[in-house]
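Undergrad: This structure is in structure tokens; I'll ask about it shortly.
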Amino acid sequence: MQNISFLILIGFMTSIFALNTFAQDFSQQNLPEGAKARLGKGTIQEIAYSPDGDRLAVASSIGIWLYDAHTGQALDPLTGDMNLGTTVSFSPDGKTIASGSGNNTIQLWNARTGIHIQTLIGHTGLVNSISFSPDGNTIVSGSWDTTLRLWNAHTGKHIRTLTGHTRYVGSVSFSPDENTIASGSADTTIRLWDAHTGSHIRTITGHTDRVFSVSFSPDGKTIASGSADTTIRLWDAHTGKHVRTLTGHTSWIRNNSFSPNGKTITSGSDDNTLRLWDAHTGEHIRTLTGHTDRIWSVSFSPDGNTIASGSADTTIRLWDAHTGKHIRTLKGHTDRVGSVSFSPDGTTIAAGSWKEIRLWDAHTGDHIRTLTGDMGWVKSISFSPDGKTITSGSDDKTIRLWDTHTGKHIRTLTGGMSWIRRILTSESGYINTVSFSPDGKTIASGSDDKIIRLWNAHTGNYIRTLKGHTRSVNTISLSPDGKTIASGSDDTTIRLWDAHTGKHIRTLTEHTGAVRSVVFSPDGNTIASGSSDKTIRLWNAHTGEHVQTLTGGMGAVYTVSFSPDGNTIASGSGLEISLWDAHTGKHIRTLIGHTDGVWSVSFSPDGKTIASGSNDGTVLLWE
């Protein structure tokens with residue numbers, strides 16, 4: 001998909017600028033070695049309101065960001081750890097933010113100034129869950145390393161480590177009286193711990209699959225746990241005795257919570273429903289239906305009258321908590337809504353999807369504003385021919401333009417992608433790749449239906465179909481002279497086609513895994529291909545002869561690109577970008593800085609800069 005936006009960019013090409021300075025904003029902060037700018041703020045993992053309702057903290061795939069909750073203005077990012085932000089929590093007094101990080105640490109920040117206070121080191125796995133004690137003095141964290149750790153919230157000092165779980169800890173919670181901690185784990189158990197001494201009180205068993213969530217009732221007498229075994233179980237918080245099991249869901253229960261008055265429990269499930277339960281009797285009150293995909297998040301309003309649910313169907317639904325009546329549906333997100341939260345005064349709902357945060361009026365359902373700058377998975381990036389503009393194509397179905405001189409976002413193009421979708425009306429499978437011919441007159445598309453289609457780029461008229469691949473077509477590239485099409489497929493082959501007649505020329509068959517990327521060298525003599533078999537292969541573009549194989553401890557190779565002079569190849573594999581000598585196949589160096597898979601790499605026209613796009617929702621620029 002490296003050329004997906006070439007034609008759309010033509011109208012934006014202007015004079016060349018040097019790449020030696022950038023605006024001193026978030027694009028310049030906490031860059032990995034060798035990178036000179038970051039475009040985008042990453043994909044959203046979790047959002048949290050400050051206790052006073054003035055701030056929103058956003059845990060993203062590259063760090064933690066702060067917003068003014070009233071104006072939506074982006075405030076200074078929390079600098080010091082631009083890594084995967086897994087979870088975020090405000091202290092009860094609103095003065096401190098604790099965030100979990102992809103480098104197995106916990107970061108503490110001043111919530112007003114955004115200044116990094118300190119790093120809490122000790123976990124050896126991803127931090128999944130963080131909770132402050134009600135008095136704000138202690139932090140408990142749960143991790144993929146199977147442990148819980150207690151920390152002094154003021155000094156950051158490690159107090160103790162709680163061990164006993166045998167799989168990752170997905171949820172931790174303090175009791176309202178601060179005496180007990182409950183932890184839920186993928187080992188199917190819940191463990192109760194003395195919050196002061198860290199001693200293990202008891203292990204609660206009964207679930208038969210992973211425990212995703214644990215929560216105390218407001219009076220602290222009951223614990224509710226939701227599990228992949230499709231049940232919610234209620235337990236006596238003091239004795240650990242099983243009280244009752246709530247059944248009815250038919251798939252994983254990802255979240256459950258008590259109403260503010262403790263009388264009702266709500267649960268959201270992968271069966272696309274919410275259920276309301278009487279917290280005292282366990283009686284099923286009603287089932288709320290309407291979502292068409294998994295429910296990722298549920299939240300009660302502070303007064304307990306309204307429930308908000310966020311779903312993989314991209315919508316938020318509001319429900320009357322007493323009658324279960326559907327109030328309204330909030331639409332606008334373009335990807336799954338993974339987090340919903342009411343402001344402390346109950347007037348605003350913040351909803352986070354993988355690319356954006358939207359604020360909604362909780363009473364009217366009106367969209368207030370979108371907090372922009374966050375992208376979805378970046379699948380495609382390209383420099384304009386003059387080097388002034390970078391374009392990034394994302395799974396949010398948009399193209400974003402960035403100023404390479406300042407690193408600033410210029411605009412988002414949504415019409416172009418819609419236009420492409422409109423003209424490809426005969427596609428029967430998901431479109432994986434789109435490429436323009438060098439003269440801009442033809443579009444080639446490849447899809448899951450194993451077929452390549454050619455279209456007139458100006459009229460949108462269908463030209464012809466190229467058939468031969470036996471599995472999904474992942475990548476398409478046209479030779480510089482526009483005469484040859486190269487396509488790569490899940491069937492492990494590369495096929496060469498005559499671009500004018502559609503005739504099959506030959507099939508290249510050395511790869512043993514899915515072919516993810518193919519590209520012609522600038523002179524048109526060589527084809528480079530990247531594959532799930534963890535290799536890059538070079539081919540003679542005229543004869544189809546296999547020239548050499550580039551290997552070196554890589555994972556699956558999702559993207560390859562030639563430098564403008566044809567001397568260097570850049571590839572993306574896992575979190576890394578590798579540079580290779582295109583003539584000798586020798587590995588030159590590795591660039592590391594993304595926190596999720598690299599899907600696209602592209603050289604600037606002068607060959608001095610590489611742009612890389614990633615599942616972490618950002619584009620990085622490298623020397």
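FYI, nothing fancy with the structure tokens labels: chains A, B, ... in order, residues from 1 per chain, ligands from 1 as they appear.
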Apply DSSP to the backbone of this structure and, from stretch 170-235 of chain A, keep only the residues in strand (DSSP E or B); write these as an MDAnalysis selection string.

TA: chainID A and resid 170:174 180:185 190:194 200:204 211:216 222:227 232:235

Undergrad: Could you give me, as a compact mmCIF listing (two decimals) with all heavy atoms, in the first residue's frame, each residue of stretch 409-580 of chain A that DSSP assigns to alpha helix (DSSP H) when run on this structure's backbone?

TA:
```
# COMPACT_ATOMS: atom_id res chain seq x y z
N GLY A 415 -12.01 12.56 1.74
CA GLY A 415 -12.70 12.41 0.46
C GLY A 415 -11.95 11.54 -0.50
O GLY A 415 -12.53 10.79 -1.28
N GLY A 416 -10.63 11.61 -0.47
CA GLY A 416 -9.84 10.83 -1.42
C GLY A 416 -10.04 9.35 -1.21
O GLY A 416 -10.22 8.58 -2.15
N MET A 417 -10.02 8.92 0.05
CA MET A 417 -10.17 7.50 0.31
C MET A 417 -11.59 7.06 0.00
O MET A 417 -11.81 5.95 -0.49
CB MET A 417 -9.82 7.20 1.77
CG MET A 417 -8.36 7.39 2.11
SD MET A 417 -7.29 6.30 1.18
CE MET A 417 -7.65 4.76 2.02
N SER A 418 -12.57 7.93 0.27
CA SER A 418 -13.94 7.58 -0.07
C SER A 418 -14.07 7.44 -1.58
O SER A 418 -14.77 6.55 -2.08
CB SER A 418 -14.91 8.66 0.44
OG SER A 418 -14.83 8.78 1.83
N TRP A 419 -13.39 8.32 -2.30
CA TRP A 419 -13.45 8.28 -3.75
C TRP A 419 -12.87 6.98 -4.27
O TRP A 419 -13.45 6.32 -5.13
CB TRP A 419 -12.67 9.48 -4.32
CG TRP A 419 -12.48 9.42 -5.80
CD1 TRP A 419 -13.41 9.67 -6.76
CD2 TRP A 419 -11.27 9.11 -6.48
NE1 TRP A 419 -12.86 9.53 -8.00
CE2 TRP A 419 -11.54 9.19 -7.86
CE3 TRP A 419 -9.99 8.77 -6.06
CZ2 TRP A 419 -10.57 8.94 -8.82
CZ3 TRP A 419 -9.03 8.53 -7.01
CH2 TRP A 419 -9.31 8.61 -8.37
N ILE A 420 -11.77 6.60 -3.75
CA ILE A 420 -11.18 5.31 -4.14
C ILE A 420 -12.15 4.18 -3.85
O ILE A 420 -12.35 3.29 -4.66
CB ILE A 420 -9.84 5.08 -3.41
CG1 ILE A 420 -8.78 6.02 -3.96
CG2 ILE A 420 -9.37 3.64 -3.60
CD1 ILE A 420 -7.50 5.98 -3.21
N ARG A 421 -12.75 4.20 -2.68
CA ARG A 421 -13.69 3.14 -2.36
C ARG A 421 -14.87 3.14 -3.33
O ARG A 421 -15.40 2.11 -3.69
CB ARG A 421 -14.21 3.30 -0.92
CG ARG A 421 -13.18 3.02 0.15
CD ARG A 421 -13.85 2.79 1.49
NE ARG A 421 -14.70 3.89 1.87
CZ ARG A 421 -14.26 4.97 2.50
NH1 ARG A 421 -12.99 5.11 2.79
NH2 ARG A 421 -15.09 5.94 2.83
N ARG A 422 -15.28 4.32 -3.77
CA ARG A 422 -16.46 4.42 -4.62
C ARG A 422 -16.21 3.82 -5.99
O ARG A 422 -17.06 3.14 -6.57
CB ARG A 422 -16.88 5.88 -4.74
CG ARG A 422 -18.17 6.07 -5.53
CD ARG A 422 -18.70 7.49 -5.40
NE ARG A 422 -17.83 8.46 -6.00
CZ ARG A 422 -17.11 9.33 -5.32
NH1 ARG A 422 -17.14 9.33 -4.01
NH2 ARG A 422 -16.34 10.21 -5.94
N ILE A 423 -15.03 4.05 -6.55
CA ILE A 423 -14.81 3.56 -7.90
C ILE A 423 -14.50 2.07 -7.93
O ILE A 423 -14.68 1.42 -8.95
CB ILE A 423 -13.67 4.33 -8.61
CG1 ILE A 423 -12.33 4.07 -7.95
CG2 ILE A 423 -13.96 5.80 -8.69
CD1 ILE A 423 -11.17 4.65 -8.72
```

Undergrad: Considering only C-alpha atoms, return as a PyMOL selection string whatever protein or nucleic-acid residues lie within 8 Å of A:Phe174, sequence-local ones (same chain, fewer than 4 positions apart) excluded.

TA: chain A and resi 131-134+178-182+195+216

Undergrad: Restricting the output to N, CA and C atoms, write the selected residues as a CSV table (one decimal), in the first residue's frame.

TA:
```
chain,number,residue,atom,x,y,z
A,131,SER,N,-4.0,1.0,40.5
A,131,SER,CA,-5.0,1.6,41.3
A,131,SER,C,-4.4,2.3,42.5
A,132,PHE,N,-4.9,3.5,42.8
A,132,PHE,CA,-4.5,4.2,44.0
A,132,PHE,C,-5.4,3.7,45.2
A,133,SER,N,-4.9,3.7,46.4
A,133,SER,CA,-5.7,3.5,47.5
A,133,SER,C,-6.6,4.7,47.7
A,134,PRO,N,-7.8,4.5,48.4
A,134,PRO,CA,-8.7,5.6,48.5
A,134,PRO,C,-8.0,6.9,49.2
A,178,GLU,N,-9.7,0.5,52.4
A,178,GLU,CA,-8.3,0.5,52.1
A,178,GLU,C,-7.5,-0.7,52.8
A,179,ASN,N,-8.3,-1.6,53.3
A,179,ASN,CA,-7.6,-2.7,54.0
A,179,ASN,C,-7.3,-3.9,53.2
A,180,THR,N,-8.0,-4.1,52.0
A,180,THR,CA,-7.8,-5.3,51.2
A,180,THR,C,-7.6,-4.9,49.8
A,181,ILE,N,-6.8,-5.7,49.1
A,181,ILE,CA,-6.6,-5.6,47.6
A,181,ILE,C,-7.1,-6.9,47.0
A,182,ALA,N,-7.9,-6.7,45.9
A,182,ALA,CA,-8.3,-7.9,45.2
A,182,ALA,C,-7.6,-7.9,43.8
A,195,ALA,N,-3.7,-5.1,52.5
A,195,ALA,CA,-3.2,-3.9,51.8
A,195,ALA,C,-2.0,-3.3,52.6
A,216,PHE,N,-15.0,-4.0,43.9
A,216,PHE,CA,-15.6,-4.0,45.2
A,216,PHE,C,-16.9,-3.3,45.1
```

Undergrad: List as a list in words the protein and nucleic acid residues near A:Ile97, meaning an atom at most 6 Å away when only C-alpha atoms are counted, but skip any in the same chain fewer than 6 places from it.

TA: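 Counting only C-alpha atoms, the residues come to Ser89, Phe90, Leu108, Trp109 and Ala111 of chain A.
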
Undergrad: Could you write out the selected residues, including all heavy atoms, as an mmCIF file, in the first residue's frame?

TA:
```cif
data_model
loop_
_atom_site.group_PDB
_atom_site.id
_atom_site.type_symbol
_atom_site.label_atom_id
_atom_site.label_comp_id
_atom_site.auth_asym_id
_atom_site.auth_seq_id
_atom_site.Cartn_x
_atom_site.Cartn_y
_atom_site.Cartn_z
ATOM 1 N N SER A 89 -4.167 6.345 35.632
ATOM 2 C CA SER A 89 -5.043 6.559 36.783
ATOM 3 C C SER A 89 -4.641 7.837 37.509
ATOM 4 O O SER A 89 -3.456 8.119 37.672
ATOM 5 C CB SER A 89 -4.938 5.368 37.745
ATOM 6 O OG SER A 89 -5.756 5.546 38.878
ATOM 7 N N PHE A 90 -5.639 8.630 37.928
ATOM 8 C CA PHE A 90 -5.392 9.809 38.757
ATOM 9 C C PHE A 90 -5.439 9.422 40.230
ATOM 10 O O PHE A 90 -6.216 8.552 40.635
ATOM 11 C CB PHE A 90 -6.466 10.874 38.513
ATOM 12 C CG PHE A 90 -6.250 11.720 37.295
ATOM 13 C CD1 PHE A 90 -6.784 11.335 36.073
ATOM 14 C CD2 PHE A 90 -5.534 12.903 37.354
ATOM 15 C CE1 PHE A 90 -6.619 12.113 34.943
ATOM 16 C CE2 PHE A 90 -5.358 13.695 36.232
ATOM 17 C CZ PHE A 90 -5.898 13.299 35.027
ATOM 18 N N LEU A 108 5.208 8.236 37.327
ATOM 19 C CA LEU A 108 4.419 9.192 38.098
ATOM 20 C C LEU A 108 4.645 10.583 37.531
ATOM 21 O O LEU A 108 5.779 10.959 37.211
ATOM 22 C CB LEU A 108 4.811 9.152 39.582
ATOM 23 C CG LEU A 108 4.632 7.818 40.310
ATOM 24 C CD1 LEU A 108 4.952 7.986 41.790
ATOM 25 C CD2 LEU A 108 3.229 7.274 40.115
ATOM 26 N N TRP A 109 3.537 11.350 37.419
ATOM 27 C CA TRP A 109 3.596 12.665 36.790
ATOM 28 C C TRP A 109 2.838 13.676 37.641
ATOM 29 O O TRP A 109 1.875 13.335 38.314
ATOM 30 C CB TRP A 109 2.929 12.644 35.413
ATOM 31 C CG TRP A 109 3.204 11.440 34.587
ATOM 32 C CD1 TRP A 109 2.592 10.217 34.661
ATOM 33 C CD2 TRP A 109 4.185 11.318 33.548
ATOM 34 N NE1 TRP A 109 3.113 9.368 33.739
ATOM 35 C CE2 TRP A 109 4.079 10.002 33.040
ATOM 36 C CE3 TRP A 109 5.120 12.191 32.991
ATOM 37 C CZ2 TRP A 109 4.887 9.536 31.996
ATOM 38 C CZ3 TRP A 109 5.927 11.739 31.966
ATOM 39 C CH2 TRP A 109 5.817 10.433 31.479
ATOM 40 N N ALA A 111 0.100 16.125 37.696
ATOM 41 C CA ALA A 111 -1.062 16.217 36.825
ATOM 42 C C ALA A 111 -1.310 17.626 36.306
ATOM 43 O O ALA A 111 -1.966 17.806 35.279
ATOM 44 C CB ALA A 111 -2.311 15.715 37.564
#
```

Undergrad: Find the spatial neighbours of A:Thr549, counting only C-alpha atoms, within a cut-off of 9 Å - ignore same-chain residues fewer than 2 positions away - and output them as a short mmCIF file (atom, residue, chain, number, x, y, z; two decimals) with C-alpha atoms, in the first residue's frame.

TA:
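Below is the file that was written, out-v9.cif:
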```
data_model
loop_
_atom_site.label_atom_id
_atom_site.label_comp_id
_atom_site.auth_asym_id
_atom_site.auth_seq_id
_atom_site.Cartn_x
_atom_site.Cartn_y
_atom_site.Cartn_z
CA THR A 535 13.45 -12.92 4.44
CA ILE A 536 13.89 -10.23 1.85
CA ARG A 537 14.52 -11.56 -1.65
CA LEU A 538 15.94 -9.72 -4.65
CA HIS A 546 16.30 -15.01 -7.92
CA VAL A 547 19.41 -12.91 -7.21
CA THR A 551 18.39 -12.49 6.31
CA GLY A 585 22.87 -7.53 0.59
#
```

Undergrad: Please provide as a list in words all residues within 9 Å of A:His249, with the sequence filter that same-chain residues fewer than 5 positions apart are discarded (counting only C-alpha atoms).

TA: Thr230, Thr231, Ile232, Gly268, Ser269, Asp270, Asp271, Thr273, Leu274 and Arg275 of chain A
